[in-house]
>>> print(open('entry05.txt').read())   # compact mmCIF, C-alpha atoms
# COMPACT_ATOMS: atom_id res chain seq x y z
CA MET A 912 0.00 0.00 0.00
CA SER A 913 2.79 2.44 0.92
CA THR A 914 4.55 1.68 -2.37
CA ALA A 915 1.38 2.46 -4.34
CA LEU A 916 0.91 5.73 -2.46
CA THR A 917 4.54 6.66 -3.09
CA ALA A 918 4.10 6.00 -6.82
CA LEU A 919 0.93 8.10 -6.93
CA ALA A 920 2.64 10.91 -5.04
CA ALA A 921 5.56 10.83 -7.50
CA PHE A 922 3.11 11.06 -10.40
CA ALA A 923 1.24 13.95 -8.78
CA ASP A 924 4.45 15.95 -8.38
CA GLY A 925 6.00 15.02 -11.72
CA PRO A 926 5.66 17.30 -14.77
CA LEU A 927 3.05 16.66 -17.45
CA LEU A 928 3.55 18.86 -20.51
CA GLY A 929 5.45 21.25 -18.26
CA VAL A 930 2.71 21.38 -15.59
CA ARG A 931 2.53 19.13 -12.53
CA PRO A 932 -0.63 17.00 -12.37
CA ALA A 933 -1.19 18.41 -8.88
CA ASP A 934 -1.31 21.91 -10.38
CA LEU A 935 -3.73 20.74 -13.07
CA ALA A 936 -5.98 19.25 -10.38
CA LEU A 937 -5.85 22.47 -8.36
CA ALA A 938 -6.65 24.47 -11.48
CA ALA A 939 -9.70 22.28 -12.05
CA THR A 940 -10.99 23.32 -8.64
CA ALA A 941 -9.99 26.98 -8.98
CA GLY A 942 -11.60 27.64 -12.38
CA PRO A 943 -15.24 27.15 -11.32
CA LEU A 944 -14.58 29.08 -8.09
CA ALA A 945 -13.30 32.03 -10.09
CA VAL A 946 -16.32 32.07 -12.41
CA ALA A 947 -18.79 31.67 -9.55
CA GLY A 948 -17.18 34.41 -7.47
CA ALA A 949 -16.97 36.88 -10.34
CA ALA A 950 -20.58 36.18 -11.37
CA LYS A 951 -21.87 36.96 -7.87
CA LEU A 952 -19.89 40.20 -7.65
CA VAL A 953 -21.01 41.58 -11.03
CA THR A 954 -24.69 40.71 -10.53
CA ALA A 955 -26.97 43.01 -8.56
CA PRO A 956 -28.03 41.08 -5.40
CA GLU A 957 -31.72 41.89 -5.93
CA LYS A 958 -31.64 40.04 -9.26
CA LEU A 959 -30.44 36.79 -7.69
CA SER A 960 -32.70 34.06 -6.34
CA TRP A 961 -30.43 33.77 -3.31
CA PRO A 962 -31.12 30.57 -1.32
CA ILE A 963 -29.69 31.73 2.03
CA ARG A 964 -32.47 33.53 3.88
CA SER A 965 -31.05 34.33 7.31
CA GLY A 966 -27.81 35.28 9.01
CA ILE A 967 -24.83 37.22 7.75
CA LEU A 968 -24.91 35.46 4.36
CA ALA A 969 -28.51 36.44 3.60
CA ALA A 970 -29.25 38.88 0.76
CA PRO A 971 -28.38 41.58 -0.08
CA HIS A 972 -24.87 41.31 1.41
CA GLY A 973 -24.57 37.53 1.25
CA PRO A 974 -23.92 37.20 -2.50
CA ARG A 975 -21.15 39.80 -2.32
CA LEU A 976 -19.52 38.14 0.68
CA VAL A 977 -19.67 34.66 -0.83
CA GLY A 978 -18.42 35.91 -4.19
CA ALA A 979 -15.49 37.71 -2.55
CA ALA A 980 -14.68 34.58 -0.52
CA GLU A 981 -14.71 32.43 -3.66
CA LEU A 982 -12.33 34.81 -5.43
CA ALA A 983 -10.08 34.93 -2.37
CA ALA A 984 -10.03 31.14 -2.30
CA THR A 985 -9.16 31.13 -6.00
CA GLY A 986 -6.21 33.44 -5.33
CA ALA A 987 -5.02 31.24 -2.48
CA VAL A 988 -5.23 28.11 -4.63
CA LEU A 989 -3.15 29.86 -7.31
CA LEU A 990 -0.45 31.24 -5.05
CA LEU A 991 0.08 28.84 -2.15
CA PRO A 992 2.27 25.71 -2.08
CA VAL A 993 0.52 22.59 -3.29
CA ARG A 994 -0.70 21.17 0.01
CA TRP A 995 -1.84 24.54 1.40
CA ALA A 996 -3.63 25.28 -1.88
CA ALA A 997 -5.32 21.87 -1.76
CA ALA A 998 -6.42 22.49 1.83
CA VAL A 999 -8.05 25.80 0.82
CA ALA A 1000 -9.83 24.15 -2.13
CA LEU A 1001 -11.00 21.28 0.10
CA LEU A 1002 -12.47 23.67 2.70
CA ALA A 1003 -14.14 25.76 0.00
CA TYR A 1004 -15.85 22.82 -1.69
CA VAL A 1005 -16.86 21.13 1.56
CA ALA A 1006 -18.58 24.41 2.52
CA LEU A 1007 -20.24 24.69 -0.91
CA ALA A 1008 -21.42 21.08 -0.75
CA ALA A 1009 -22.93 21.71 2.69
CA VAL A 1010 -24.75 24.80 1.38
CA ALA A 1011 -26.01 22.82 -1.62
CA VAL A 1012 -27.42 20.15 0.71
CA SER A 1013 -29.23 22.79 2.79
CA ALA A 1014 -30.56 24.58 -0.33
CA ARG A 1015 -31.89 21.52 -2.17
CA GLY A 1016 -34.91 22.31 -4.32
CA GLN A 1017 -34.26 26.05 -4.40
CA LYS A 1018 -33.23 28.15 -7.37
CA CYS A 1019 -29.50 27.98 -8.04
CA ALA A 1020 -27.65 31.30 -7.80
CA CYS A 1021 -24.25 29.58 -7.93
CA PHE A 1022 -23.21 31.40 -11.10
CA GLY A 1023 -25.16 34.64 -10.93
CA LEU A 1024 -27.95 34.96 -13.46
CA ALA A 1025 -27.16 31.72 -15.31
CA ARG A 1026 -30.41 29.79 -15.70
CA LEU A 1027 -29.57 26.51 -14.04
CA ALA A 1028 -31.74 23.80 -12.59
CA ALA A 1029 -32.75 24.05 -8.96
CA VAL A 1030 -30.13 22.84 -6.49
CA GLY A 1031 -30.14 19.05 -6.46
CA ARG A 1032 -27.98 15.96 -6.66
CA ALA A 1033 -25.89 17.28 -9.55
CA HIS A 1034 -24.85 20.39 -7.61
CA ILE A 1035 -24.07 18.41 -4.47
CA GLY A 1036 -22.21 15.77 -6.45
CA ALA A 1037 -20.09 18.30 -8.37
CA ASN A 1038 -19.01 20.06 -5.15
CA ALA A 1039 -18.31 16.72 -3.47
CA ALA A 1040 -16.23 15.56 -6.45
CA ALA A 1041 -14.15 18.76 -6.34
CA ALA A 1042 -13.64 18.24 -2.59
CA VAL A 1043 -12.47 14.66 -3.21
CA LEU A 1044 -10.05 15.89 -5.90
CA ALA A 1045 -8.61 18.50 -3.53
CA ALA A 1046 -8.31 15.89 -0.77
CA ALA A 1047 -6.44 13.58 -3.12
CA VAL A 1048 -3.95 16.34 -3.94
CA LEU A 1049 -3.58 17.13 -0.24
CA ILE A 1050 -2.85 13.49 0.65
CA LEU A 1051 -0.71 12.44 -2.31
CA SER A 1052 1.45 15.50 -2.93
CA ASP A 1053 4.92 15.97 -1.54
CA ALA A 1054 4.85 18.18 1.55
CA ALA A 1055 7.76 20.15 0.12
CA ALA A 1056 6.08 20.85 -3.24
CA GLY A 1057 6.13 24.59 -3.70
CA ALA A 1058 3.90 26.97 -5.61
CA LYS A 1059 4.11 27.46 -9.36
CA PRO A 1060 1.68 30.35 -9.88
CA LEU A 1061 2.19 30.94 -13.59
CA PRO A 1062 1.49 27.43 -14.96
CA ARG A 1063 -1.25 26.98 -12.36
CA ALA A 1064 -2.82 30.31 -13.38
CA ALA A 1065 -2.71 29.34 -17.07
CA ALA A 1066 -4.41 26.03 -16.34
CA THR A 1067 -6.97 27.82 -14.15
CA ALA A 1068 -7.78 30.20 -17.01
CA VAL A 1069 -8.50 27.20 -19.24
CA ALA A 1070 -10.67 25.60 -16.53
CA ALA A 1071 -12.56 28.88 -16.05
CA ALA A 1072 -13.11 29.20 -19.81
CA LEU A 1073 -14.45 25.65 -20.03
CA THR A 1074 -16.74 26.34 -17.05
CA LEU A 1075 -18.03 29.49 -18.71
CA ILE A 1076 -18.67 27.69 -22.01
CA ALA A 1077 -20.61 24.95 -20.20
CA LEU A 1078 -22.64 27.58 -18.32
CA LEU A 1079 -23.50 29.51 -21.48
CA ALA A 1080 -24.57 26.29 -23.21
CA ALA A 1081 -26.78 25.27 -20.27
CA ASP A 1082 -28.23 28.78 -19.99
CA ARG A 1083 -29.02 28.91 -23.71
CA ARG A 1084 -30.60 25.45 -23.62
CA ARG A 1085 -32.88 26.35 -20.70
CA ALA A 1086 -33.81 29.66 -22.36
CA SER A 1087 -34.66 27.81 -25.56
CA ASP A 1088 -36.73 25.24 -23.67
CA ALA A 1089 -38.66 28.01 -21.93
CA ALA A 1090 -39.26 29.88 -25.19
CA ASN A 1091 -40.42 26.73 -26.99
CA THR A 1092 -42.79 25.61 -24.24
CA PRO A 1093 -46.27 26.12 -25.67
CA PRO A 1094 -48.83 27.97 -23.54
CA CYS A 1095 -51.34 25.83 -21.70
CA ALA A 1096 -54.23 25.41 -24.11
CA GLN A 1097 -56.35 23.38 -21.71
CA HIS A 1098 -58.97 24.79 -19.38
CA VAL A 1099 -57.26 26.15 -16.25
CA SER A 1100 -59.64 26.71 -13.37
CA THR A 1101 -57.14 27.47 -10.61
CA VAL A 1102 -53.39 27.80 -10.19
CA ARG A 1103 -51.31 26.43 -7.34
CA LEU A 1104 -48.38 28.81 -6.87
CA TYR A 1105 -45.23 27.99 -4.88
CA VAL A 1106 -43.15 30.85 -3.45
CA ALA A 1107 -40.58 31.32 -0.68
CA ASP A 1108 -39.80 34.05 1.80
CA ASP A 1109 -36.85 36.32 0.94
CA CYS A 1110 -37.04 35.26 -2.72
CA PRO A 1111 -36.46 38.33 -4.95
CA SER A 1112 -38.23 36.75 -7.94
CA CYS A 1113 -41.19 35.87 -5.73
CA ARG A 1114 -41.43 39.45 -4.51
CA SER A 1115 -41.36 40.70 -8.09
CA LEU A 1116 -44.10 38.26 -9.07
CA LYS A 1117 -46.27 39.31 -6.11
CA HIS A 1118 -45.86 42.92 -7.21
CA LEU A 1119 -47.10 42.00 -10.69
CA LEU A 1120 -50.02 40.04 -9.27
CA ALA A 1121 -51.15 43.07 -7.26
CA ALA A 1122 -52.46 44.52 -10.54
CA VAL A 1123 -54.41 41.38 -11.48
CA GLU A 1124 -58.21 41.48 -11.28
CA PRO A 1125 -59.54 40.18 -7.94
CA GLU A 1126 -61.47 37.28 -9.50
CA ARG A 1127 -58.32 35.95 -11.18
CA LEU A 1128 -56.24 36.46 -8.05
CA ALA A 1129 -58.84 34.55 -6.01
CA ALA A 1130 -58.22 31.54 -8.26
CA VAL A 1131 -54.54 31.45 -7.23
CA SER A 1132 -53.60 29.30 -4.25
CA MET A 1133 -50.24 30.54 -2.94
CA ILE A 1134 -48.09 28.11 -0.97
CA THR A 1135 -44.99 29.31 0.87
CA VAL A 1136 -42.24 26.71 0.73
CA ALA A 1137 -40.36 26.20 3.98
CA LYS A 1138 -36.60 26.57 4.02
CA GLU A 1139 -34.77 23.43 2.80
CA ALA A 1140 -38.08 21.84 1.73
CA GLU A 1141 -38.35 20.12 -1.64
CA LEU A 1142 -41.26 20.78 -3.95
CA PRO A 1143 -43.73 17.92 -4.34
CA GLY A 1144 -44.53 15.69 -7.31
CA VAL A 1145 -44.04 17.16 -10.78
CA MET A 1146 -42.72 20.38 -9.21
CA HIS A 1147 -39.66 18.58 -7.84
CA GLY A 1148 -36.42 20.07 -9.15
CA LEU A 1149 -37.94 23.46 -10.01
CA GLY A 1150 -37.04 26.66 -8.24
CA VAL A 1151 -39.49 29.18 -6.85
CA PRO A 1152 -41.59 30.84 -8.07
CA CYS A 1153 -43.26 27.99 -9.89
CA ALA A 1154 -46.86 26.97 -10.45
CA ILE A 1155 -49.15 24.29 -11.82
CA GLY A 1156 -52.54 24.78 -13.48
CA LEU A 1157 -55.52 22.77 -12.22
CA ASP A 1158 -58.84 21.92 -13.81
CA ASP A 1159 -62.29 22.07 -12.18
CA ALA A 1160 -61.63 18.76 -10.42
CA GLY A 1161 -58.32 19.98 -9.01
CA GLU A 1162 -56.24 17.78 -11.31
CA PRO A 1163 -53.05 19.15 -12.88
CA VAL A 1164 -53.18 20.26 -16.51
CA CYS A 1165 -50.22 21.08 -18.77
CA ALA A 1166 -46.61 21.24 -17.65
CA PRO A 1167 -45.53 23.19 -14.54
CA ALA A 1168 -44.47 26.80 -15.08
CA SER A 1169 -41.24 28.11 -13.54
CA GLY A 1170 -40.01 31.69 -13.40
CA ILE A 1171 -41.80 35.03 -13.25
CA GLY A 1172 -42.83 35.24 -16.91
CA ALA A 1173 -44.08 31.67 -17.27
CA VAL A 1174 -46.01 31.76 -13.97
CA LYS A 1175 -47.62 35.11 -14.82
CA ALA A 1176 -48.65 33.75 -18.24
CA LEU A 1177 -50.23 30.70 -16.59
CA ILE A 1178 -52.19 32.89 -14.18
CA ASP A 1179 -53.30 35.14 -17.05
CA GLY A 1180 -54.63 32.01 -18.76
CA ILE A 1181 -57.04 31.12 -15.94
CA THR A 1182 -60.57 30.72 -17.28
CA LEU A 1183 -62.62 32.98 -15.03
CA ALA A 1184 -66.10 32.02 -13.83
CA SER A 1185 -67.53 35.26 -15.26
CA VAL A 1186 -66.12 34.40 -18.68
CA GLN A 1187 -67.61 30.91 -18.49
CA ALA A 1188 -71.00 32.36 -17.47
CA ALA A 1189 -70.92 34.81 -20.37
CA GLY A 1190 -70.15 31.98 -22.76
CA ARG A 1191 -73.07 29.90 -21.50
CA ALA A 1192 -75.40 32.92 -21.76
CA ARG A 1193 -74.63 33.23 -25.46
>>> encode(input="entry05.txt", output="structure tokens")
Amino acid sequence: MSTALTALAAFADGPLLGVRPADLALAATAGPLAVAGAAKLVTAPEKLSWPIRSGILAAPHGPRLVGAAELAATGAVLLLPVRWAAAVALLAYVALAAVAVSARGQKCACFGLARLAAVGRAHIGANAAAAVLAAAVLILSDAAAGAKPLPRAAATAVAAALTLIALLAADRRRASDAANTPPCAQHVSTVRLYVADDCPSCRSLKHLLAAVEPERLAAVSMITVAKEAELPGVMHGLGVPCAIGLDDAGEPVCAPASGIGAVKALIDGITLASVQAAGRAR
């Protein structure tokens, strides 16, 4: 066993195309941290569906603090000796994985305004995998391995670029899916709406609904989702605000709507009792 570990440690500290594998592994953890931190700092906090609702990390200051911490961690991973850099990356991703577990089912604000799926197994798994990678570097690397900021920074830039490309592709795909989702053509009698406290998008939606006619608003059943709770049934995996249309019997019709625009369109499509009465009178 000790011989195998020694061989792995030698590989981790040996050069690969001029860059140590340990530095490549650290760059793989630093790239996403850099993109996530920068995204949070350049995005206005009120535009984020921030999942942390209490304490020092709650909005509006929370996104800025977390973004600054992620960028600081990125800098430490770039500049510190291998084992110290790995320790910083390990702590960062263990913390992010813990936050992902506590925020399951809520809208992901990991990368600013990027339209990602609600926090779920993929987010938790990605953070856990990065933590395992950092732990492997911490355990297998030579304690005397020093910092090599320039090759590590170059590899981090590549990792950040790949992260950004993947984010843009995912964001474009979700935007396309939302744009191509046909409006609900079936009869919608009522709408079950899911919101959460301290959710900026939910507050914006409530402001829009204040101008809706009382009869339509009375057909909306608003449910406040408790912190860390997962949405039920077909709503699972969506972030708030989201809604489902129901027929006269209270059975779901059409696909769930997620986001301010889609939810507002669903509510606008409710068939009002007065409209039905007018139709029967004709």
>>> residues_near_point(input="entry05.txt", point="(-10.9, 29.1, -8.4)", cutoff="10 Å", atoms="only C-alpha atoms", output="list of chain:residue names")
A:Leu937, A:Ala938, A:Ala939, A:Thr940, A:Ala941, A:Gly942, A:Pro943, A:Leu944, A:Ala945, A:Val946, A:Ala947, A:Gly948, A:Glu981, A:Leu982, A:Ala983, A:Ala984, A:Thr985, A:Gly986, A:Ala987, A:Val988, A:Leu989, A:Ala1000, A:Ala1003, A:Ala1064, A:Thr1067, A:Ala1068, A:Ala1070, A:Ala1071
>>> atom_distance(input="entry05.txt", atom1="atom CA of A:Val1131", atom2="atom CA of A:Leu1104")
6.7 Å
>>> closest_residue(input="entry05.txt", among="A:Ala1042, A:Cys1153, A:Val1030, A:Val977", to="A:Leu1001", atoms="only C-alpha atoms")
A:Ala1042
>>> atom_distance(input="entry05.txt", atom1="atom CA of A:Leu1128", atom2="atom CA of A:Arg1085")
28.4 Å
>>> residues_around(input="entry05.txt", residues="stretch 950-962 of chain A", least_positions_apart="5", cutoff="8 Å", atoms="only C-alpha atoms", output="PyMOL selection string")
chain A and resi 969-972+974-975+977-979+1014+1017-1024+1110-1112
>>> closest_residue(input="entry05.txt", among="A:Ala1037, A:Ala1008, A:Leu1044, A:Ala1154", to="A:Val1174", atoms="all atoms listed in the file")
A:Ala1154
>>> closest_residue(input="entry05.txt", among="A:His1098, A:Arg1114, A:Arg1026, A:Arg1015", to="A:Leu1079", atoms="all atoms listed in the file")
A:Arg1026
>>> atom_distance(input="entry05.txt", atom1="atom CA of A:Leu1142", atom2="atom CA of A:Val1102")
15.3 Å
>>> axis_aligned_box(input="entry05.txt", around="stretch 1068-1074 of chain A", padding_each_side="3 Å", output="lines of an AutoDock Vina configuration file")
center_x = -12.3
center_y = 27.9
center_z = -18.0
size_x = 15.0
size_y = 10.6
size_z = 10.0
>>> residues_around(input="entry05.txt", residues="A:Met1146", least_positions_apart="3", cutoff="10 Å", atoms="only C-alpha atoms", output="list in words")
Gly1016, Tyr1105, Glu1141, Leu1142, Pro1143, Leu1149, Gly1150, Val1151, Cys1153, Ala1154, Ile1155, Ala1166, Pro1167, Ala1168 and Ser1169 of chain A
